[in-house]
>>> print(open('work.csv').read())   # CSV, C-alpha atoms
chain,number,residue,atom,x,y,z
A,1,MET,CA,0.0,0.0,0.0
A,2,ALA,CA,2.9,2.4,0.8
A,3,GLU,CA,4.0,2.1,-2.9
A,4,LEU,CA,0.5,3.0,-4.1
A,5,ALA,CA,0.4,6.0,-1.7
A,6,GLU,CA,3.7,7.2,-3.1
A,7,ILE,CA,2.4,7.1,-6.7
A,8,PHE,CA,-0.7,9.1,-5.7
A,9,LEU,CA,1.1,11.7,-3.6
A,10,GLY,CA,3.6,12.2,-6.4
A,11,GLN,CA,0.8,12.9,-8.9
A,12,LEU,CA,-1.4,15.0,-6.6
A,13,PRO,CA,0.3,18.4,-6.5
A,14,VAL,CA,0.3,18.7,-10.3
A,15,ARG,CA,-3.4,17.7,-10.4
A,16,ILE,CA,-4.4,20.1,-7.7
A,17,ASP,CA,-2.4,22.9,-9.3
A,18,ALA,CA,-4.1,22.2,-12.6
A,19,MET,CA,-7.6,22.4,-11.0
A,20,ARG,CA,-6.7,25.7,-9.3
A,21,HIS,CA,-5.4,27.0,-12.6
A,22,ALA,CA,-8.6,25.9,-14.4
A,23,TRP,CA,-10.7,27.7,-11.8
A,24,GLN,CA,-8.7,30.9,-12.2
A,25,GLU,CA,-9.1,30.6,-16.0
A,26,GLY,CA,-12.8,30.0,-15.7
A,27,ASP,CA,-12.5,26.6,-17.4
A,28,LEU,CA,-15.2,24.8,-15.4
A,29,THR,CA,-15.1,21.7,-17.7
A,30,ALA,CA,-11.4,21.2,-16.9
A,31,LEU,CA,-12.0,21.8,-13.2
A,32,ARG,CA,-14.9,19.3,-13.2
A,33,PHE,CA,-12.8,16.7,-15.1
A,34,GLY,CA,-10.0,17.0,-12.5
A,35,ALA,CA,-12.5,16.6,-9.7
A,36,HIS,CA,-14.1,13.6,-11.4
A,37,GLN,CA,-10.8,11.8,-11.8
A,38,LEU,CA,-9.8,12.4,-8.1
A,39,ARG,CA,-13.2,11.2,-7.0
A,40,GLY,CA,-12.9,7.9,-8.8
A,41,ALA,CA,-9.3,7.1,-7.8
A,42,ALA,CA,-8.3,8.7,-4.5
A,43,GLY,CA,-10.2,6.2,-2.4
A,44,GLY,CA,-8.5,3.3,-4.3
A,45,TYR,CA,-5.1,4.8,-3.3
A,46,GLY,CA,-6.1,4.9,0.4
A,47,PHE,CA,-7.2,8.6,0.5
A,48,PRO,CA,-11.0,8.4,0.7
A,49,GLU,CA,-11.3,11.9,2.2
A,50,VAL,CA,-9.7,13.5,-0.9
A,51,GLY,CA,-12.1,11.5,-3.0
A,52,VAL,CA,-15.1,12.6,-1.0
A,53,ALA,CA,-14.0,16.3,-1.2
A,54,ALA,CA,-13.5,16.0,-5.0
A,55,GLY,CA,-16.9,14.3,-5.3
A,56,SER,CA,-18.6,17.3,-3.6
A,57,LEU,CA,-16.8,19.7,-6.0
A,58,GLU,CA,-17.8,17.6,-9.0
A,59,ASP,CA,-21.5,17.5,-7.9
A,60,LEU,CA,-21.5,21.3,-7.5
A,61,LEU,CA,-20.1,21.8,-11.0
A,62,ARG,CA,-22.8,19.7,-12.5
A,63,VAL,CA,-25.2,22.5,-11.8
A,64,VAL,CA,-25.0,25.3,-14.5
A,65,GLY,CA,-24.6,28.8,-13.0
A,66,GLN,CA,-23.4,27.4,-9.7
A,67,ASP,CA,-22.6,30.0,-7.0
A,68,ARG,CA,-18.9,31.0,-7.3
A,69,GLU,CA,-18.3,31.1,-3.6
A,70,ARG,CA,-19.5,27.5,-3.1
A,71,ILE,CA,-17.2,26.3,-5.8
A,72,GLU,CA,-14.3,28.2,-4.3
A,73,SER,CA,-14.9,26.7,-0.9
A,74,ALA,CA,-15.3,23.2,-2.3
A,75,LEU,CA,-12.0,23.6,-4.2
A,76,ALA,CA,-10.4,24.9,-1.0
A,77,GLU,CA,-11.7,21.8,0.8
A,78,VAL,CA,-10.0,19.5,-1.8
A,79,GLU,CA,-6.7,21.5,-1.3
A,80,ARG,CA,-7.1,21.3,2.5
A,81,CYS,CA,-7.6,17.5,2.4
A,82,TRP,CA,-4.5,17.2,0.2
A,83,ARG,CA,-2.3,19.2,2.6
A,84,SER,CA,-3.5,17.1,5.5
A,85,VAL,CA,-2.7,13.8,3.8
A,86,ALA,CA,0.6,15.1,2.4
A,87,ALA,CA,1.8,16.3,5.8
B,1,MET,CA,-3.9,-20.4,-42.1
B,2,LEU,CA,-7.2,-20.1,-40.2
B,3,ASP,CA,-7.1,-18.8,-36.7
B,4,ARG,CA,-7.3,-21.6,-34.2
B,5,SER,CA,-6.6,-19.5,-31.1
B,6,GLU,CA,-10.3,-19.7,-30.1
B,7,HIS,CA,-9.7,-23.4,-29.3
B,8,ASP,CA,-6.8,-22.7,-27.0
B,9,LEU,CA,-8.4,-22.7,-23.6
B,10,GLU,CA,-5.2,-22.4,-21.6
B,11,ARG,CA,-3.8,-19.2,-22.9
B,12,VAL,CA,-3.1,-16.2,-20.6
B,13,PRO,CA,-6.3,-14.1,-20.4
B,14,LYS,CA,-6.1,-10.7,-22.0
B,15,VAL,CA,-7.6,-7.8,-20.1
B,16,LEU,CA,-8.1,-4.3,-21.7
B,17,ALA,CA,-8.8,-1.3,-19.5
B,18,ILE,CA,-10.3,1.7,-21.1
B,19,ASP,CA,-10.3,4.7,-18.7
B,20,ASP,CA,-9.3,8.3,-19.2
B,21,CYS,CA,-7.6,8.6,-15.8
B,22,THR,CA,-3.9,7.8,-15.3
B,23,LEU,CA,-4.5,7.5,-11.6
B,24,VAL,CA,-6.9,4.6,-12.4
B,25,HIS,CA,-4.4,3.0,-14.7
B,26,GLY,CA,-1.9,3.0,-11.9
B,27,LEU,CA,-4.4,1.3,-9.6
B,28,LEU,CA,-5.3,-1.4,-12.1
B,29,LYS,CA,-1.7,-2.2,-12.9
B,30,HIS,CA,-0.9,-2.4,-9.2
B,31,HIS,CA,-3.9,-4.6,-8.3
B,32,LEU,CA,-3.9,-6.9,-11.3
B,33,ARG,CA,-0.2,-7.6,-11.4
B,34,LEU,CA,-0.5,-10.8,-9.5
B,35,GLU,CA,-3.6,-12.1,-11.3
B,36,GLY,CA,-1.7,-13.7,-14.2
B,37,VAL,CA,-3.5,-11.6,-16.8
B,38,ASP,CA,-2.0,-9.7,-19.8
B,39,LEU,CA,-3.2,-6.1,-19.1
B,40,HIS,CA,-3.5,-3.5,-21.8
B,41,ILE,CA,-4.5,0.1,-21.2
B,42,ALA,CA,-6.2,2.7,-23.4
B,43,SER,CA,-7.0,6.3,-22.4
B,44,THR,CA,-9.6,7.3,-24.9
B,45,ALA,CA,-12.7,5.7,-26.5
B,46,ARG,CA,-11.1,5.7,-29.9
B,47,GLU,CA,-7.9,4.2,-28.7
B,48,GLY,CA,-9.8,1.6,-26.7
B,49,VAL,CA,-12.0,0.4,-29.6
B,50,ALA,CA,-9.0,0.1,-31.9
B,51,MET,CA,-6.9,-1.8,-29.3
B,52,ALA,CA,-9.8,-4.1,-28.6
B,53,GLU,CA,-10.1,-4.9,-32.3
B,54,ARG,CA,-6.4,-5.6,-32.5
B,55,ILE,CA,-5.9,-7.8,-29.4
B,56,GLY,CA,-9.4,-9.4,-29.0
B,57,PRO,CA,-9.5,-9.2,-25.2
B,58,ASP,CA,-11.2,-11.7,-22.9
B,59,VAL,CA,-12.2,-9.1,-20.5
B,60,ILE,CA,-12.7,-5.3,-21.0
B,61,LEU,CA,-12.8,-2.9,-18.0
B,62,LEU,CA,-14.7,0.1,-19.3
B,63,ASP,CA,-15.2,3.5,-17.7
B,64,ILE,CA,-18.5,5.2,-18.4
B,65,GLU,CA,-17.5,8.8,-18.2
B,66,LEU,CA,-14.7,8.9,-20.8
B,67,GLU,CA,-13.8,12.4,-21.5
B,68,SER,CA,-10.8,13.5,-23.5
B,69,GLY,CA,-10.4,16.7,-25.5
B,70,ASN,CA,-13.2,17.0,-28.0
B,71,ASP,CA,-13.9,13.2,-28.1
B,72,SER,CA,-17.0,12.9,-26.1
B,73,THR,CA,-17.7,9.2,-26.8
B,74,ASN,CA,-18.9,7.7,-23.6
B,75,GLY,CA,-18.6,4.1,-22.3
B,76,PHE,CA,-22.0,3.1,-23.5
B,77,GLU,CA,-21.1,4.1,-27.1
B,78,VAL,CA,-17.8,2.2,-26.8
B,79,LEU,CA,-19.8,-0.9,-25.5
B,80,ALA,CA,-22.1,-0.7,-28.5
B,81,SER,CA,-19.2,-0.7,-31.0
B,82,ILE,CA,-17.5,-3.5,-29.1
B,83,LYS,CA,-20.7,-5.6,-29.4
B,84,GLU,CA,-20.9,-4.9,-33.1
B,85,SER,CA,-17.5,-6.3,-34.0
B,86,SER,CA,-17.1,-10.1,-34.5
B,87,THR,CA,-13.6,-9.9,-33.0
B,88,THR,CA,-14.8,-8.4,-29.7
B,89,SER,CA,-18.5,-9.2,-29.4
B,90,GLU,CA,-17.7,-12.1,-27.1
B,91,SER,CA,-15.5,-10.1,-24.7
B,92,ALA,CA,-16.8,-9.9,-21.2
B,93,VAL,CA,-17.3,-6.2,-20.4
B,94,ILE,CA,-17.1,-4.9,-16.8
B,95,PHE,CA,-18.2,-1.3,-16.3
B,96,LEU,CA,-16.1,0.8,-14.0
B,97,SER,CA,-17.8,3.9,-12.8
B,98,ALA,CA,-18.2,6.4,-10.0
B,99,SER,CA,-21.8,6.9,-11.0
B,100,GLU,CA,-24.3,6.5,-8.2
B,101,SER,CA,-27.1,6.1,-10.7
B,102,THR,CA,-29.1,2.8,-10.8
B,103,ALA,CA,-30.2,3.7,-14.3
B,104,ASP,CA,-26.6,3.7,-15.5
B,105,ARG,CA,-26.0,0.2,-14.0
B,106,VAL,CA,-29.2,-1.1,-15.5
B,107,ARG,CA,-28.3,0.4,-18.9
B,108,ALA,CA,-24.8,-1.1,-18.8
B,109,LEU,CA,-26.0,-4.6,-18.0
B,110,ASP,CA,-28.9,-4.4,-20.6
B,111,LEU,CA,-26.4,-3.3,-23.3
B,112,GLY,CA,-24.4,-6.6,-22.7
B,113,ALA,CA,-22.0,-5.8,-19.9
B,114,VAL,CA,-21.5,-8.7,-17.5
B,115,ASP,CA,-20.7,-6.8,-14.4
B,116,PHE,CA,-20.3,-3.3,-12.8
B,117,ILE,CA,-17.7,-2.1,-10.4
B,118,LYS,CA,-18.3,1.0,-8.4
B,119,LYS,CA,-15.4,3.5,-8.1
B,120,PRO,CA,-13.6,3.9,-5.8
B,121,PHE,CA,-13.1,0.2,-6.0
B,122,ASP,CA,-11.7,-2.3,-3.5
B,123,ALA,CA,-8.6,-4.2,-4.7
B,124,ALA,CA,-9.8,-7.6,-3.6
B,125,GLU,CA,-13.2,-7.1,-5.2
B,126,LEU,CA,-11.8,-5.8,-8.4
B,127,CYS,CA,-9.5,-8.9,-8.7
B,128,ALA,CA,-12.4,-11.3,-7.8
B,129,ARG,CA,-14.7,-9.7,-10.4
B,130,VAL,CA,-12.0,-9.9,-13.1
B,131,ARG,CA,-11.4,-13.6,-12.2
B,132,SER,CA,-15.1,-14.3,-12.5
B,133,ALA,CA,-15.3,-12.6,-15.9
B,134,VAL,CA,-12.2,-14.6,-17.1
B,135,ARG,CA,-14.0,-17.9,-15.9
B,136,LEU,CA,-17.1,-16.9,-17.8
B,137,ARG,CA,-15.2,-16.3,-21.0
B,138,ARG,CA,-13.3,-19.6,-20.6
B,139,MET,CA,-16.6,-21.5,-20.1
B,140,MET,CA,-18.1,-19.7,-23.2
B,141,ARG,CA,-15.1,-20.8,-25.3
B,142,MET,CA,-15.4,-24.3,-23.9
B,143,LEU,CA,-19.0,-24.5,-24.8
B,144,ALA,CA,-18.4,-23.3,-28.3
B,145,GLN,CA,-15.7,-26.0,-28.6
B,146,LYS,CA,-17.9,-28.7,-27.1
B,147,ALA,CA,-20.5,-28.1,-29.7
B,148,SER,CA,-17.9,-29.0,-32.3
B,149,LEU,CA,-16.6,-32.2,-30.7
B,150,ASP,CA,-17.7,-35.8,-31.0
B,151,GLY,CA,-18.6,-37.1,-27.5
B,152,LEU,CA,-17.2,-40.6,-27.9
B,153,THR,CA,-13.9,-39.9,-29.6
B,154,GLY,CA,-13.1,-36.3,-28.9
B,155,LEU,CA,-12.5,-35.8,-32.6
B,156,TRP,CA,-14.3,-32.9,-34.4
B,157,ASN,CA,-17.9,-33.8,-35.2
B,158,ARG,CA,-19.8,-33.8,-38.5
B,159,ALA,CA,-21.0,-30.2,-38.2
B,160,HIS,CA,-17.4,-29.0,-37.7
B,161,PHE,CA,-16.3,-31.2,-40.6
B,162,ASP,CA,-18.8,-29.6,-43.0
B,163,ARG,CA,-17.8,-26.1,-41.8
B,164,ARG,CA,-14.1,-26.6,-41.9
B,165,LEU,CA,-14.0,-28.5,-45.2
B,166,ALA,CA,-15.9,-25.5,-46.8
B,167,GLU,CA,-13.4,-23.1,-45.2
B,168,GLU,CA,-10.4,-25.1,-46.3
B,169,VAL,CA,-11.8,-25.3,-49.9
B,170,SER,CA,-11.8,-21.4,-50.0
B,171,GLU,CA,-8.3,-21.2,-48.4
B,172,SER,CA,-7.0,-23.7,-50.9
B,173,ARG,CA,-8.4,-21.7,-53.8
B,174,ARG,CA,-7.2,-18.4,-52.4
B,175,TYR,CA,-3.7,-19.5,-51.8
B,176,GLY,CA,-3.4,-22.1,-54.6
B,177,ARG,CA,-2.3,-24.8,-52.2
B,178,PRO,CA,-3.4,-28.4,-52.3
B,179,LEU,CA,-6.2,-29.8,-50.2
B,180,THR,CA,-6.8,-33.5,-49.8
B,181,LEU,CA,-9.6,-35.5,-48.0
B,182,VAL,CA,-9.3,-39.0,-46.6
B,183,LEU,CA,-12.5,-40.9,-45.8
B,184,ALA,CA,-12.0,-44.0,-43.7
B,185,ASP,CA,-14.4,-46.7,-42.7
B,186,ILE,CA,-13.8,-49.5,-40.2
B,187,ASP,CA,-14.3,-52.9,-42.0
B,188,HIS,CA,-17.2,-55.1,-40.9
B,189,PHE,CA,-17.9,-53.0,-38.0
B,190,LYS,CA,-21.3,-54.5,-37.5
B,191,ARG,CA,-19.8,-57.9,-37.1
B,192,ILE,CA,-17.5,-56.6,-34.4
B,193,ASN,CA,-20.5,-55.2,-32.5
B,194,ASP,CA,-22.5,-58.3,-32.9
B,195,ARG,CA,-19.7,-60.7,-31.8
B,196,PHE,CA,-18.0,-58.7,-29.0
B,197,GLY,CA,-20.8,-56.3,-27.9
B,198,HIS,CA,-21.2,-52.5,-28.2
B,199,PRO,CA,-18.7,-51.6,-25.5
B,200,VAL,CA,-15.9,-53.3,-27.6
B,201,GLY,CA,-17.3,-51.5,-30.7
B,202,ASP,CA,-17.0,-48.2,-28.9
B,203,ALA,CA,-13.5,-49.0,-27.8
B,204,VAL,CA,-12.5,-49.9,-31.4
B,205,ILE,CA,-13.9,-46.5,-32.6
B,206,SER,CA,-12.1,-44.7,-29.9
B,207,ARG,CA,-8.8,-46.4,-30.6
B,208,PHE,CA,-9.1,-45.8,-34.4
B,209,ALA,CA,-9.9,-42.1,-33.6
B,210,SER,CA,-6.7,-41.8,-31.5
B,211,ILE,CA,-4.6,-43.2,-34.3
B,212,LEU,CA,-6.3,-40.7,-36.7
B,213,ALA,CA,-5.5,-37.8,-34.4
B,214,THR,CA,-1.7,-38.4,-34.3
B,215,GLY,CA,-0.9,-36.4,-37.4
B,216,ARG,CA,0.2,-32.8,-37.9
B,217,ALA,CA,-1.3,-30.0,-35.9
B,218,SER,CA,-2.9,-28.6,-39.1
B,219,ASP,CA,-4.7,-32.0,-39.9
B,220,ILE,CA,-8.4,-32.0,-39.1
B,221,PRO,CA,-9.5,-35.4,-37.9
B,222,CYS,CA,-13.3,-35.8,-37.7
B,223,ARG,CA,-15.9,-38.5,-36.9
B,224,TYR,CA,-18.0,-38.3,-40.0
B,225,GLY,CA,-20.7,-40.6,-38.6
B,226,GLY,CA,-21.0,-44.1,-37.1
B,227,GLU,CA,-17.8,-46.0,-38.0
B,228,GLU,CA,-16.8,-43.5,-40.7
B,229,PHE,CA,-14.2,-40.9,-40.4
B,230,GLY,CA,-13.0,-37.9,-42.3
B,231,LEU,CA,-9.4,-36.5,-42.2
B,232,ILE,CA,-9.0,-33.1,-43.9
B,233,LEU,CA,-5.4,-32.5,-44.9
B,234,PRO,CA,-4.8,-28.9,-45.8
B,235,GLY,CA,-1.6,-28.3,-47.8
B,236,ILE,CA,-1.1,-32.0,-48.5
B,237,ASP,CA,-1.2,-33.5,-52.0
B,238,ALA,CA,-2.8,-36.8,-52.9
B,239,GLN,CA,0.5,-38.7,-53.0
B,240,SER,CA,1.5,-37.6,-49.4
B,241,ALA,CA,-2.1,-38.3,-48.2
B,242,LEU,CA,-1.7,-41.8,-49.6
B,243,GLU,CA,1.4,-42.3,-47.3
B,244,VAL,CA,-0.5,-40.8,-44.3
B,245,ALA,CA,-3.5,-43.2,-44.9
B,246,GLU,CA,-1.2,-46.2,-45.5
B,247,ARG,CA,0.6,-45.5,-42.2
B,248,ILE,CA,-2.7,-45.3,-40.3
B,249,ARG,CA,-4.0,-48.5,-42.0
B,250,ARG,CA,-0.8,-50.3,-40.9
B,251,ARG,CA,-0.9,-49.0,-37.4
B,252,LEU,CA,-4.5,-50.2,-37.0
B,253,GLY,CA,-3.6,-53.6,-38.2
B,254,GLU,CA,-0.8,-53.8,-35.6
B,255,GLU,CA,-3.0,-52.9,-32.7
B,256,ARG,CA,-3.3,-55.5,-30.0
B,257,TRP,CA,-6.7,-55.7,-28.3
B,258,ALA,CA,-6.4,-56.6,-24.6
B,259,CYS,CA,-8.7,-59.5,-23.6
B,260,ARG,CA,-10.0,-59.9,-27.2
B,261,GLU,CA,-7.3,-62.0,-28.9
B,262,ALA,CA,-9.7,-63.0,-31.6
B,263,LEU,CA,-10.4,-59.4,-32.5
B,264,ARG,CA,-8.7,-58.0,-35.6
B,265,VAL,CA,-9.7,-54.6,-36.9
B,266,THR,CA,-9.0,-53.2,-40.3
B,267,ALA,CA,-10.2,-50.2,-42.2
B,268,SER,CA,-10.6,-49.0,-45.8
B,269,PHE,CA,-9.6,-45.6,-47.0
B,270,GLY,CA,-10.6,-43.4,-49.9
B,271,ILE,CA,-8.6,-40.4,-51.0
B,272,ALA,CA,-9.3,-37.4,-53.3
B,273,ASP,CA,-7.7,-34.0,-53.7
B,274,LEU,CA,-9.7,-31.0,-54.6
B,275,VAL,CA,-8.5,-30.5,-58.2
B,276,SER,CA,-8.9,-34.2,-59.2
B,277,ALA,CA,-12.3,-34.3,-57.4
B,278,GLU,CA,-13.7,-31.4,-59.3
B,279,ARG,CA,-12.5,-32.8,-62.6
B,280,ALA,CA,-13.9,-36.3,-61.7
B,281,VAL,CA,-17.3,-35.1,-60.4
B,282,PRO,CA,-18.1,-32.2,-62.8
B,283,ASP,CA,-21.6,-31.7,-61.6
B,284,ARG,CA,-20.5,-30.8,-58.1
B,285,HIS,CA,-18.2,-28.2,-56.7
B,286,GLY,CA,-15.8,-27.7,-53.8
B,287,SER,CA,-16.4,-29.7,-50.7
B,288,GLU,CA,-19.3,-31.6,-52.3
B,289,ALA,CA,-17.1,-32.8,-55.1
B,290,LEU,CA,-14.3,-33.7,-52.7
B,291,VAL,CA,-16.6,-35.8,-50.4
B,292,ALA,CA,-18.2,-37.5,-53.4
B,293,ALA,CA,-14.8,-38.4,-55.0
B,294,ALA,CA,-13.3,-39.6,-51.7
B,295,ASP,CA,-16.4,-41.6,-51.0
B,296,GLU,CA,-16.1,-43.2,-54.5
B,297,ALA,CA,-12.5,-44.1,-53.8
B,298,LEU,CA,-13.6,-45.6,-50.4
B,299,TYR,CA,-16.2,-47.7,-52.2
B,300,ARG,CA,-13.6,-49.0,-54.6
B,301,ALA,CA,-11.3,-49.9,-51.7
B,302,LYS,CA,-14.2,-51.8,-50.0
B,303,ALA,CA,-15.1,-53.6,-53.3
B,304,ALA,CA,-11.5,-54.6,-53.9
B,305,GLY,CA,-11.5,-56.5,-50.7
B,306,ARG,CA,-11.2,-53.9,-47.8
B,307,ASP,CA,-8.1,-53.2,-45.6
B,308,ARG,CA,-6.6,-51.0,-48.3
B,309,VAL,CA,-6.2,-47.4,-49.5
B,310,TYR,CA,-7.6,-46.2,-52.8
B,311,CYS,CA,-6.8,-42.8,-54.3
B,312,LEU,CA,-8.9,-41.1,-57.0
B,313,ALA,CA,-6.5,-40.1,-59.8
B,314,GLY,CA,-7.5,-37.1,-61.8
B,315,ASP,CA,-7.8,-38.8,-65.2
B,316,THR,CA,-9.9,-41.8,-64.2
B,317,PRO,CA,-13.6,-40.9,-63.9
B,318,PRO,CA,-15.3,-42.5,-60.9
B,319,ARG,CA,-17.8,-45.2,-61.5
B,320,ARG,CA,-21.4,-44.1,-60.7
B,321,ILE,CA,-22.8,-45.7,-57.7
B,322,ALA,CA,-26.5,-46.6,-57.8
>>> encode(input="work.csv", output="structure tokens")
Amino acid sequence: MAELAEIFLGQLPVRIDAMRHAWQEGDLTALRFGAHQLRGAAGGYGFPEVGVAAGSLEDLLRVVGQDRERIESALAEVERCWRSVAA
Amino acid sequence: MLDRSEHDLERVPKVLAIDDCTLVHGLLKHHLRLEGVDLHIASTAREGVAMAERIGPDVILLDIELESGNDSTNGFEVLASIKESSTTSESAVIFLSASESTADRVRALDLGAVDFIKKPFDAAELCARVRSAVRLRRMMRMLAQKASLDGLTGLWNRAHFDRRLAEEVSESRRYGRPLTLVLADIDHFKRINDRFGHPVGDAVISRFASILATGRASDIPCRYGGEEFGLILPGIDAQSALEVAERIRRRLGEERWACREALRVTASFGIADLVSAERAVPDRHGSEALVAAADEALYRAKAAGRDRVYCLAGDTPPRRIA
């Protein structure tokens, strides 16, 4: 399992950065895609909390014209989860 | 040559995963590495369909929400094209999805998927479901093969004989290579049954079948019916077929039958090659001409006193049989 965690933690910063970047650029499709992928895989790597946070973000983005503050806070939650598992 | 891999039940199972997420690729590689499967991975719908067509996977793990660039083909559409192709229609498809929707699962199964794994997936469950799908595929292949085998002898049956002979006639014409058919019939089989009983008759048929089956891998030994057998010899000319049949005839004569010292078994053989057969039986074509000509040669072998091999030569027209 340690080997798997290493793979995941190695990939995570790039993915989180890409999501943050997409959000800044207003590319909601890319943001949702990033959240979708984390949702499906994070649990499998032993980080279910990251997957759950990414799932909430993806669900928010399914609604057109979603409130920006809710998106911002859901993304921040994904980042917070990442920092806590990476620590 | 025709593809015979469908008959190879022991080969390493091929698994194709079609998923757009490299994180999932990593998980699948990690979890399936001890399962003894040959794992292939595709990231897009297009790549997945092409790869499936190329390798003919036993099991396909398919993501529903495939998204990549401007290709918006989803897993359901991929499943539909997989089911349309004859190379991949028999592959066991397992959906892999984070979807919470019952409707998605129902749709996937109704479209022909065999199973559904919810993401995030558990490693042990993933492996168990892949093993189950591999077993299912193996059983399907076994059934397909069973339907072509003769129960007593394990040789190919009559239905398979008819199918393969027709295929080999086409191959022979396409590649201009010889094709020869040997028809064999155990002599006085009824007498053997009457004198020694049916179990001994069955044993004689089985023993003859096993002698018939000792040729090259490309030979196609079949039980044509009752005590009659057909040996399709692709790439073999009549002269070589004559030697093959003569060897079988001699081996049968040398057989020792335990507990039945009085038993002596012989067989008669009729041989024809495709070119001579079509010349000799002008009103028939292909496999029909071949069977008729070999049957005529077999009849002559019987009429000449049995326990011998007759070959139909191209320039002697066969005698009509009433």
>>> residues_around(input="work.csv", residues="Ile248 (chain B)", least_positions_apart="6", cutoff="12 Å", atoms="only C-alpha atoms", output="JSON, numbers by chain")
{"B": [182, 184, 186, 207, 208, 209, 210, 211, 212, 213, 214, 215, 231, 241, 242, 254, 255, 266, 267, 268, 269, 307, 308, 309]}
>>> residues_around(input="work.csv", residues="region 18-21 of chain A", least_positions_apart="2", cutoff="10 Å", atoms="only C-alpha atoms", output="list in words")
Leu12, Pro13, Val14, Arg15, Ile16, Trp23, Gln24, Glu25, Gly26, Asp27, Leu28, Ala30, Leu31, Arg32, Phe33, Gly34, Ala35, Glu72, Leu75, Ala76, Val78 and Glu79 of chain A
>>> interface_residues(input="work.csv", of="chain B", to="chain A", cutoff="10 Å", atoms="only C-alpha atoms", output="list in words")
Asp19, Asp20, Cys21, Thr22, Leu23, Val24, His25, Gly26, Leu27, Leu28, His30, His31, Glu65, Leu66, Glu67, Ser68, Gly69, Leu96, Ser97, Ala98, Ser99, Lys118, Lys119, Pro120, Phe121, Asp122 and Ala123 of chain B
>>> atom_distance(input="work.csv", atom1="CA of Leu32 (chain B)", atom2="CA of Arg105 (chain B)")
23.4 Å
>>> atom_distance(input="work.csv", atom1="CA of Val12 (chain B)", atom2="CA of Cys222 (chain B)")
27.9 Å
>>> residues_around(input="work.csv", residues="Ser81 (chain B)", least_positions_apart="5", cutoff="12 Å", atoms="all atoms listed in the file", output="ChimeraX atom specification")
/B:45-46,48-50,52-53,73-76,86-89,91,111-112
>>> closest_residue(input="work.csv", among="B:Arg251, B:Pro234, B:Leu126, B:Gly226", to="Lys29 (chain B)", atoms="only C-alpha atoms")
B:Leu126
>>> atom_distance(input="work.csv", atom1="CA of Lys302 (chain B)", atom2="CA of Asp187 (chain B)")
8.1 Å
>>> closest_residue(input="work.csv", among="B:Ala303, B:Val114, B:Leu233, B:Ile18", to="Arg137 (chain B)", atoms="all atoms listed in the file")
B:Val114
>>> closest_residue(input="work.csv", among="B:Leu274, B:Leu62, B:Cys311, B:Ala292", to="Glu171 (chain B)", atoms="all atoms listed in the file")
B:Leu274
